[in-house]
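Printed here is work05.tsv (TSV, C-alpha atoms):
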chain	number	residue	atom	x	y	z
A	1	MET	CA	31.83	-1.17	-25.95
A	2	SER	CA	30.58	-4.32	-24.23
A	3	ALA	CA	27.40	-4.32	-22.19
A	4	ASN	CA	25.54	-6.02	-19.38
A	5	VAL	CA	21.79	-6.57	-19.59
A	6	LEU	CA	19.26	-6.52	-16.77
A	7	VAL	CA	15.97	-8.21	-17.64
A	8	GLN	CA	13.32	-7.10	-15.16
A	9	THR	CA	9.83	-7.14	-16.69
A	10	ALA	CA	7.90	-7.12	-13.40
A	11	PHE	CA	5.63	-4.27	-12.29
A	12	LEU	CA	7.10	-0.86	-11.42
A	13	GLY	CA	7.51	-1.56	-7.70
A	14	ASP	CA	9.77	-4.57	-8.27
A	15	LEU	CA	11.68	-2.67	-10.93
A	16	LEU	CA	12.35	0.21	-8.55
A	17	LEU	CA	13.66	-2.30	-6.01
A	18	SER	CA	16.23	-3.26	-8.67
A	19	ILE	CA	17.96	0.11	-8.24
A	20	PRO	CA	20.60	-1.20	-5.76
A	21	LEU	CA	21.34	-4.00	-8.25
A	22	MET	CA	21.73	-1.49	-11.09
A	23	ARG	CA	24.03	0.71	-9.05
A	24	ASN	CA	26.28	-2.14	-8.02
A	25	MET	CA	26.43	-3.45	-11.59
A	26	ARG	CA	27.63	-0.02	-12.64
A	27	SER	CA	30.23	-0.03	-9.87
A	28	LEU	CA	31.53	-3.50	-10.74
A	29	TRP	CA	31.76	-2.89	-14.48
A	30	PRO	CA	32.17	0.87	-15.02
A	31	GLU	CA	33.55	0.42	-18.52
A	32	GLU	CA	30.55	-1.54	-19.75
A	33	LYS	CA	27.15	-0.21	-20.73
A	34	LEU	CA	24.13	-1.16	-18.68
A	35	ILE	CA	21.04	-2.07	-20.69
A	36	LEU	CA	17.62	-2.49	-19.10
A	37	VAL	CA	14.81	-4.62	-20.54
A	38	CYS	CA	11.53	-3.74	-18.82
A	39	ARG	CA	7.79	-3.33	-19.27
A	40	LYS	CA	6.48	-0.83	-21.74
A	41	GLY	CA	6.19	2.66	-20.28
A	42	LEU	CA	8.65	2.21	-17.40
A	43	GLY	CA	12.06	2.77	-18.95
A	44	ASP	CA	12.08	6.57	-19.20
A	45	PHE	CA	12.58	7.01	-15.44
A	46	PHE	CA	15.72	4.87	-15.42
A	47	LEU	CA	17.22	6.71	-18.38
A	48	LYS	CA	16.51	10.16	-16.97
A	49	THR	CA	17.97	9.25	-13.58
A	50	ARG	CA	21.03	7.83	-15.43
A	51	LEU	CA	20.75	4.48	-13.72
A	52	VAL	CA	21.10	2.76	-17.09
A	53	ASP	CA	22.50	3.67	-20.50
A	54	ARG	CA	19.84	2.18	-22.73
A	55	VAL	CA	16.35	0.77	-22.39
A	56	PHE	CA	14.34	-1.72	-24.40
A	57	GLU	CA	10.68	-2.02	-23.48
A	58	ILE	CA	8.56	-5.15	-23.72
A	59	ASN	CA	4.83	-5.12	-24.32
A	60	LYS	CA	3.87	-8.01	-22.07
A	61	GLY	CA	1.71	-10.56	-23.86
A	62	ASN	CA	2.94	-9.45	-27.27
A	63	ASN	CA	5.38	-12.06	-28.58
A	64	ASN	CA	6.47	-9.81	-31.41
A	65	SER	CA	7.76	-7.17	-28.99
A	66	TYR	CA	10.15	-9.75	-27.53
A	67	LYS	CA	11.41	-10.56	-31.03
A	68	VAL	CA	11.97	-6.87	-31.78
A	69	VAL	CA	14.07	-6.44	-28.64
A	70	LEU	CA	16.07	-9.59	-29.33
A	71	LYS	CA	16.83	-8.33	-32.82
A	72	ALA	CA	17.99	-4.98	-31.46
A	73	LEU	CA	20.24	-6.67	-28.89
A	74	GLU	CA	22.08	-8.52	-31.65
A	75	SER	CA	24.04	-5.33	-32.35
A	76	GLU	CA	25.35	-5.25	-28.78
A	77	LYS	CA	28.40	-7.10	-27.46
A	78	ILE	CA	26.82	-8.54	-24.34
A	79	THR	CA	28.90	-9.97	-21.51
A	80	ARG	CA	26.27	-10.84	-18.90
A	81	VAL	CA	22.50	-11.11	-18.64
A	82	PHE	CA	20.93	-10.81	-15.17
A	83	ALA	CA	17.34	-11.96	-14.73
A	84	PRO	CA	15.87	-11.44	-11.23
A	85	HIS	CA	12.39	-11.96	-12.67
A	86	GLU	CA	11.69	-15.69	-12.33
A	87	SER	CA	9.09	-16.34	-15.02
A	88	LEU	CA	9.39	-18.99	-17.72
A	89	ARG	CA	8.86	-16.35	-20.40
A	90	THR	CA	11.83	-14.37	-19.06
A	91	ALA	CA	13.95	-17.53	-19.04
A	92	PHE	CA	13.18	-18.27	-22.69
A	93	PHE	CA	13.89	-14.65	-23.58
A	94	ALA	CA	17.20	-14.56	-21.67
A	95	ARG	CA	18.40	-17.78	-23.29
A	96	ARG	CA	18.00	-16.25	-26.74
A	97	ILE	CA	20.26	-13.31	-25.89
A	98	GLN	CA	23.80	-13.93	-27.12
A	99	ALA	CA	25.91	-13.49	-23.98
A	100	GLN	CA	28.86	-15.05	-22.18
A	101	GLU	CA	26.87	-15.54	-18.98
A	102	ARG	CA	23.21	-15.67	-17.97
A	103	ILE	CA	22.58	-15.25	-14.25
A	104	ALA	CA	19.36	-15.94	-12.31
A	105	PHE	CA	18.00	-17.44	-9.12
A	106	SER	CA	18.15	-21.22	-8.97
A	107	SER	CA	15.05	-23.35	-9.45
A	108	PHE	CA	14.59	-27.02	-10.30
A	109	TRP	CA	13.75	-26.27	-13.92
A	110	ASN	CA	15.87	-23.34	-15.09
A	111	PHE	CA	19.30	-25.00	-15.41
A	112	ILE	CA	18.79	-25.23	-19.17
A	113	PHE	CA	18.35	-21.46	-19.44
A	114	TYR	CA	21.08	-20.04	-17.18
A	115	ASN	CA	24.72	-21.03	-16.75
A	116	SER	CA	25.07	-19.27	-13.39
A	117	ARG	CA	22.40	-19.69	-10.74
A	118	MET	CA	22.19	-18.33	-7.20
A	119	GLN	CA	20.20	-19.58	-4.26
A	120	LYS	CA	17.50	-17.07	-3.36
A	121	ASN	CA	17.37	-16.12	0.31
A	122	LYS	CA	13.68	-15.51	0.94
A	123	ASN	CA	14.42	-14.13	4.40
A	124	LEU	CA	16.02	-11.03	2.88
A	125	PRO	CA	14.12	-7.92	1.75
A	126	GLU	CA	13.51	-7.89	-2.01
A	127	ALA	CA	16.09	-5.19	-2.75
A	128	LEU	CA	18.82	-7.37	-1.19
A	129	ARG	CA	17.48	-10.54	-2.80
A	130	GLN	CA	17.95	-8.99	-6.21
A	131	LEU	CA	21.32	-7.55	-5.25
A	132	SER	CA	22.49	-11.00	-4.15
A	133	LEU	CA	22.71	-12.00	-7.83
A	134	LEU	CA	26.05	-10.16	-7.78
A	135	GLN	CA	27.55	-11.87	-4.74
A	136	ASN	CA	29.85	-14.20	-6.72
A	137	TYR	CA	31.36	-11.18	-8.48
A	138	ASP	CA	31.96	-9.10	-5.34
A	139	LEU	CA	33.15	-10.89	-2.20
A	140	ASP	CA	32.76	-7.75	-0.06
A	141	LEU	CA	29.15	-7.47	-1.16
A	142	LYS	CA	28.62	-11.15	-0.43
A	143	SER	CA	29.91	-10.64	3.10
A	144	GLN	CA	27.78	-7.53	3.63
A	145	ILE	CA	24.63	-9.34	2.55
A	146	LYS	CA	25.46	-12.36	4.70
A	147	ASN	CA	26.02	-10.20	7.78
A	148	PHE	CA	22.99	-7.97	7.25
A	149	SER	CA	20.67	-8.22	10.24
A	150	TYR	CA	17.07	-8.12	9.09
A	151	ASP	CA	13.85	-8.12	11.01
A	152	PRO	CA	10.95	-6.96	8.81
A	153	HIS	CA	8.92	-5.89	11.81
A	154	GLN	CA	11.68	-3.60	13.04
A	155	LEU	CA	12.31	-2.06	9.59
A	156	SER	CA	16.08	-2.37	9.78
A	157	VAL	CA	18.16	0.60	8.64
A	158	VAL	CA	18.85	0.53	4.91
A	159	PRO	CA	22.63	0.16	4.41
A	160	SER	CA	24.37	2.71	2.19
A	161	TRP	CA	25.74	-0.03	-0.08
A	162	ALA	CA	22.19	-1.11	-0.94
A	163	SER	CA	20.43	2.26	-0.98
A	164	MET	CA	17.92	3.22	-3.67
A	165	SER	CA	17.96	6.90	-2.69
A	166	LEU	CA	18.33	9.32	-5.60
A	167	VAL	CA	18.11	12.45	-3.46
A	168	GLU	CA	21.48	13.83	-4.54
A	169	PHE	CA	20.43	13.53	-8.19
A	170	TYR	CA	17.04	15.16	-7.57
A	171	ARG	CA	18.72	18.10	-5.84
A	172	GLN	CA	20.46	18.89	-9.11
A	173	GLN	CA	17.15	19.07	-11.00
A	174	SER	CA	15.86	22.42	-9.74
A	175	ASP	CA	14.76	23.69	-13.15
A	176	ALA	CA	12.97	20.42	-13.95
A	177	ILE	CA	11.24	20.53	-10.55
A	178	ASP	CA	10.05	24.10	-11.19
A	179	THR	CA	8.72	22.98	-14.58
A	180	VAL	CA	6.72	20.04	-13.26
A	181	PHE	CA	5.16	22.06	-10.42
A	182	SER	CA	4.12	24.67	-12.98
A	183	LYS	CA	2.77	21.92	-15.24
A	184	VAL	CA	0.41	20.58	-12.57
A	185	GLY	CA	-0.67	24.04	-11.41
A	186	CYS	CA	1.02	23.97	-8.02
A	187	ARG	CA	3.45	26.32	-6.31
A	188	ARG	CA	6.77	24.78	-5.39
A	189	LYS	CA	7.13	27.12	-2.42
A	190	PHE	CA	4.22	25.30	-0.75
A	191	ALA	CA	5.83	21.87	-1.18
A	192	SER	CA	7.28	21.81	2.34
A	193	ARG	CA	3.72	22.08	3.66
A	194	SER	CA	2.34	19.57	1.18
A	195	LEU	CA	1.59	15.86	1.45
A	196	ALA	CA	1.09	13.45	-1.45
A	197	ILE	CA	-1.72	10.89	-1.19
A	198	PHE	CA	-1.80	7.81	-3.45
A	199	PRO	CA	-5.16	6.03	-2.95
A	200	GLY	CA	-4.66	3.48	-5.74
A	201	SER	CA	-2.88	0.19	-6.44
A	202	VAL	CA	-2.74	-2.24	-9.35
A	203	TRP	CA	-4.39	-4.82	-7.07
A	204	GLN	CA	-7.84	-3.87	-5.79
A	205	THR	CA	-7.51	-5.55	-2.39
A	206	LYS	CA	-4.28	-3.65	-1.67
A	207	ARG	CA	-6.24	-0.39	-1.67
A	208	TRP	CA	-7.23	1.08	1.67
A	209	THR	CA	-10.83	2.28	1.72
A	210	GLN	CA	-11.74	5.38	-0.26
A	211	ASP	CA	-13.51	6.79	2.80
A	212	GLY	CA	-10.34	6.27	4.82
A	213	PHE	CA	-8.26	8.36	2.44
A	214	VAL	CA	-10.95	11.03	2.35
A	215	GLN	CA	-11.20	11.23	6.16
A	216	VAL	CA	-7.42	11.45	6.53
A	217	GLY	CA	-7.26	14.09	3.82
A	218	GLN	CA	-9.99	16.18	5.42
A	219	GLU	CA	-8.27	16.07	8.80
A	220	LEU	CA	-4.90	17.00	7.30
A	221	GLN	CA	-6.52	19.83	5.39
A	222	ASN	CA	-7.98	21.12	8.65
A	223	ARG	CA	-4.47	21.04	10.13
A	224	GLY	CA	-3.18	23.32	7.38
A	225	TRP	CA	-1.58	20.85	5.00
A	226	HIS	CA	-1.73	21.22	1.22
A	227	LEU	CA	-2.70	17.92	-0.40
A	228	LEU	CA	-1.74	16.45	-3.77
A	229	ILE	CA	-3.75	13.43	-4.90
A	230	MET	CA	-1.57	11.30	-7.15
A	231	GLY	CA	-1.82	8.04	-9.06
A	232	GLY	CA	-1.02	6.12	-12.20
A	233	PRO	CA	-2.91	5.02	-15.30
A	234	GLY	CA	-6.31	3.52	-14.49
A	235	GLU	CA	-6.60	5.36	-11.16
A	236	GLU	CA	-8.00	8.62	-12.54
A	237	GLU	CA	-11.59	8.06	-11.42
A	238	LEU	CA	-10.58	7.01	-7.91
A	239	CYS	CA	-8.30	10.04	-7.50
A	240	THR	CA	-11.00	12.36	-8.83
A	241	GLN	CA	-13.47	11.05	-6.27
A	242	VAL	CA	-11.00	11.30	-3.38
A	243	ALA	CA	-9.88	14.81	-4.33
A	244	GLY	CA	-13.47	15.93	-4.85
A	245	ALA	CA	-14.34	15.02	-1.26
A	246	ILE	CA	-11.40	16.97	0.24
A	247	PRO	CA	-11.87	20.73	-0.06
A	248	GLY	CA	-8.79	22.34	-1.58
A	249	ALA	CA	-7.02	19.09	-2.54
A	250	ILE	CA	-5.34	19.19	-5.95
A	251	ASN	CA	-5.76	16.13	-8.16
A	252	ILE	CA	-2.72	15.62	-10.42
A	253	CYS	CA	-3.33	11.93	-11.20
A	254	GLY	CA	-2.31	11.13	-14.77
A	255	MET	CA	-0.63	14.50	-15.29
A	256	THR	CA	2.95	13.42	-14.62
A	257	SER	CA	5.39	10.80	-15.83
A	258	ILE	CA	7.08	8.48	-13.34
A	259	PHE	CA	10.14	10.74	-13.39
A	260	GLU	CA	8.06	13.89	-12.88
A	261	SER	CA	6.20	12.24	-10.01
A	262	ALA	CA	9.52	11.42	-8.36
A	263	LEU	CA	10.62	15.06	-8.67
A	264	ILE	CA	7.44	16.15	-6.89
A	265	LEU	CA	7.96	13.55	-4.16
A	266	SER	CA	11.47	14.87	-3.61
A	267	GLU	CA	9.93	18.19	-2.53
A	268	VAL	CA	6.86	17.27	-0.46
A	269	ALA	CA	6.90	16.76	3.31
A	270	GLY	CA	5.52	13.23	3.20
A	271	VAL	CA	3.56	10.55	1.36
A	272	ILE	CA	0.59	8.35	2.27
A	273	GLY	CA	-0.27	5.32	0.16
A	274	ASN	CA	-0.83	1.60	-0.09
A	275	ASP	CA	1.68	-1.22	-0.43
A	276	SER	CA	2.35	-0.23	-4.03
A	277	ALA	CA	4.89	1.27	-6.42
A	278	SER	CA	4.18	4.75	-5.05
A	279	MET	CA	5.92	3.84	-1.80
A	280	HIS	CA	8.99	2.61	-3.66
A	281	LEU	CA	9.06	5.76	-5.79
A	282	ALA	CA	8.87	7.82	-2.59
A	283	ALA	CA	11.82	5.80	-1.27
A	284	THR	CA	14.00	7.08	-4.12
A	285	ALA	CA	13.33	10.58	-2.77
A	286	ASP	CA	13.71	9.70	0.93
A	287	SER	CA	10.25	11.18	1.36
A	288	PRO	CA	8.77	10.20	4.77
A	289	SER	CA	6.05	7.67	3.98
A	290	VAL	CA	3.12	5.90	5.58
A	291	ALA	CA	2.52	2.58	3.82
A	292	ILE	CA	-0.82	0.83	4.43
A	293	PHE	CA	-0.63	-2.97	4.21
A	294	GLY	CA	-3.73	-5.16	3.88
A	295	PRO	CA	-3.63	-8.57	2.16
A	296	THR	CA	0.17	-8.58	2.02
A	297	VAL	CA	2.66	-8.67	4.90
A	298	LEU	CA	6.17	-7.42	5.58
A	299	ASP	CA	7.47	-10.98	5.71
A	300	PHE	CA	7.25	-11.07	1.91
A	301	GLY	CA	10.17	-8.62	1.85
A	302	TYR	CA	8.57	-5.82	-0.13
A	303	ARG	CA	8.78	-3.10	2.50
A	304	PRO	CA	9.50	0.44	1.27
A	305	TRP	CA	13.29	0.38	1.06
A	306	GLN	CA	14.11	3.54	2.99
A	307	ASN	CA	14.52	4.68	6.60
A	308	PHE	CA	11.72	7.25	6.85
A	309	VAL	CA	8.72	4.94	6.75
A	310	ALA	CA	5.89	3.78	9.00
A	311	ILE	CA	3.76	0.71	8.31
A	312	VAL	CA	0.05	0.60	9.14
A	313	GLU	CA	-1.52	-2.87	9.21
A	314	LYS	CA	-4.10	-4.90	11.11
A	315	LYS	CA	-2.20	-7.62	12.90
A	316	GLY	CA	-3.71	-10.85	14.17
A	317	LEU	CA	-6.06	-11.55	11.26
A	318	LYS	CA	-5.94	-15.26	10.38
A	319	CYS	CA	-6.71	-14.48	6.74
A	320	ARG	CA	-3.51	-12.44	6.29
A	321	PRO	CA	-1.71	-12.89	4.01
A	322	CYS	CA	-4.11	-14.08	1.33
A	323	GLY	CA	-1.59	-13.96	-1.52
A	324	LYS	CA	1.73	-12.57	-2.63
A	325	HIS	CA	0.17	-9.70	-4.59
A	326	GLY	CA	-3.34	-9.43	-3.23
A	327	HIS	CA	-6.44	-10.09	-5.34
A	328	ARG	CA	-8.98	-8.31	-7.50
A	329	ALA	CA	-11.52	-9.00	-4.74
A	330	CYS	CA	-11.28	-10.23	-1.13
A	331	PRO	CA	-11.54	-14.07	-1.13
A	332	LEU	CA	-13.74	-13.88	2.00
A	333	GLY	CA	-15.79	-10.92	0.84
A	334	THR	CA	-15.02	-8.89	3.97
A	335	HIS	CA	-11.80	-7.01	3.15
A	336	GLU	CA	-11.35	-6.73	6.90
A	337	CYS	CA	-7.60	-6.24	6.59
A	338	MET	CA	-8.26	-2.79	5.13
A	339	ARG	CA	-11.68	-1.88	6.51
A	340	SER	CA	-10.47	-2.35	10.08
A	341	ILE	CA	-7.78	0.33	9.66
A	342	SER	CA	-8.99	3.71	10.90
A	343	LYS	CA	-8.02	7.23	9.94
A	344	ASP	CA	-6.47	7.64	13.38
A	345	ASP	CA	-4.17	4.67	12.74
A	346	VAL	CA	-2.83	6.43	9.68
A	347	LEU	CA	-2.62	9.88	11.25
A	348	ILE	CA	-0.71	8.58	14.27
A	349	ALA	CA	1.77	6.83	11.96
A	350	LEU	CA	2.20	10.01	9.95
A	351	GLU	CA	2.91	12.05	13.07
A	352	LYS	CA	5.67	9.62	14.04
A	353	ILE	CA	7.64	10.09	10.83
A	354	LEU	CA	7.16	13.79	10.17

Any chance you could put this one into structure tokens?
Amino acid sequence: MSANVLVQTAFLGDLLLSIPLMRNMRSLWPEEKLILVCRKGLGDFFLKTRLVDRVFEINKGNNNSYKVVLKALESEKITRVFAPHESLRTAFFARRIQAQERIAFSSFWNFIFYNSRMQKNKNLPEALRQLSLLQNYDLDLKSQIKNFSYDPHQLSVVPSWASMSLVEFYRQQSDAIDTVFSKVGCRRKFASRSLAIFPGSVWQTKRWTQDGFVQVGQELQNRGWHLLIMGGPGEEELCTQVAGAIPGAINICGMTSIFESALILSEVAGVIGNDSASMHLAATADSPSVAIFGPTVLDFGYRPWQNFVAIVEKKGLKCRPCGKHGHRACPLGTHECMRSISKDDVLIALEKIL
């Protein structure tokens, strides 16, 4: 059986935004396998949700891991390689894969690596930008993307043909959901009165203040909500501190895989977090979400790709945005974009979407 390969070695958030691309690749070439090449530790989710058939994981910074994957791919009959990730390392890697076509976004330097290149429309949300790599293979899709009306500040409705919702799949996982709730010591029957809080982010400046999360959590607890404090590797200490300051909150940071976290999010009433992968994972579950934006802005196109979302941000600051991803520390030393957001701002946004 022939196969198509998707090379997306970005962080989890960008990889989750590749879901519409994966789905449409499956639809276009149902008789071909879909292989994903991604960062180490991220592939399990995409296998368990059946978005792809096989995964090869790269340990970024380890040249040997690239060689191992290339060797493994030699046994596959590969038709096409899609590379939405625009790094030079990815380009070198993609060129070494034996395939009929290599497809990527056009830049002045990458013509020697790819034989099919698309212009990247930076005015589109990221999910549609990645999906646009398929437009020359599907004229209906090309027309749909061209006619899509997008205003980031109005959070346009996500079209069904570009959805990343996995709700129908999650609904079939009742036994697995029971298992994960038991694993973290929570009762599933309370999920409808539970909210998930993600205080962390890979980038320090994209984190709202710890006090802000604590104050919101305390107020929600007073209103009768059950709270789950969640996070990924490296966020354990932060989550412990936040949970410890909110009486009754349950800290499950580090206790669940990406897939297990998604199953939990498919059951809770809502999610509060930063502009991070947690919001994109919540989007796969259609879980109503409040996303707090600081150094980044919606114009970048990385809005949570779902319809049940509210954005909290401090508009009018001349220092925003200060970078595509944020920074380890605020360049001005003030972090005003986050410190100026109050608990009431977040609570009001939450009330609007619940």

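Pairwise distance (atom CA of Glu74 of chain A, atom CA of Val37 of chain A) equals 13.8 Å.
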
Atom CA of His335 of chain A to atom CA of Ser287 of chain A: how many Å, to one decimal? 28.6 Å

My list of candidates is A:Ile264, A:Ile197, A:Leu354, A:Val214. Which is closest to Ala291 of chain A when distances are computed with all atoms listed in the file? A:Ile197

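Reported to one decimal place, the separation of atom CA of Leu28 of chain A from atom CA of Leu70 of chain A is 24.9 Å.
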
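If you measure from each of A:Leu16, A:Val7, A:Met22, A:Ile145 to Phe92 of chain A using all atoms listed in the file, the closest one turns out to be A:Val7.
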
Compile the contact shell of Ala282 of chain A as JSON, numbers by chain: residues with an atom at most 12 Å away, counting all atoms listed in the file, same-chain residues fewer than 3 positions apart removed. {"A": [13, 16, 17, 164, 165, 166, 167, 195, 196, 197, 198, 230, 258, 259, 260, 261, 262, 263, 264, 265, 266, 267, 268, 269, 270, 271, 272, 273, 274, 275, 276, 277, 278, 279, 285, 286, 287, 288, 289, 290, 291, 304, 305, 306, 307, 308, 309]}

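Near Pro84 of chain A, within 10 Å and counting all atoms listed in the file, sit Leu6, Val7, Gln8, Thr9, Ala10, Asp14, Leu15, Ser18, Leu21, Thr90, Ile103, Ala104, Phe105, Lys120, Arg129, Gln130, Leu131, Ser132 and Leu133 of chain A; same-chain residues fewer than 6 positions away were not included.
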
Identify, on the basis of all atoms listed in the file, every residue whose closest approach to Tyr150 of chain A does not exceed 9 Å; exclude the query and any residue fewer than 4 positions from it along the same chain; express the result as a list of chain:residue names.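 Result of the neighbour search: A:Asn123, A:Leu124, A:Pro125, A:Gln154, A:Leu155, A:Ser156, A:Val157.
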
All residues 7 Å or closer to segment 42-50 of chain A, all atoms listed in the file, same chain fewer than 4 positions away omitted, as a ChimeraX atom specification: /A:12,38,54-55,57,258-259

Neighbour list for segment 322-327 of chain A as a PyMOL selection string, cut-off 8 Å, all atoms listed in the file, skip fewer than 5 positions in-chain: chain A and resi 203-206+295-296+300

Set up a box along x, y and z of the file covering all listed atoms of segment 162-175 of chain A, add 6 Å on every one of the six sides, and write the centre and edge lengths in Å to one decimal, as lines of an AutoDock Vina configuration file.
center_x = 18.5
center_y = 11.3
center_z = -7.0
size_x = 19.4
size_y = 36.8
size_z = 24.2

Name the closest residue to Gly212 of chain A among the candidates A:Arg339, A:Lys71, A:Lys33, A:Lys183; distances are taken between atoms, counting all atoms listed in the file. A:Arg339
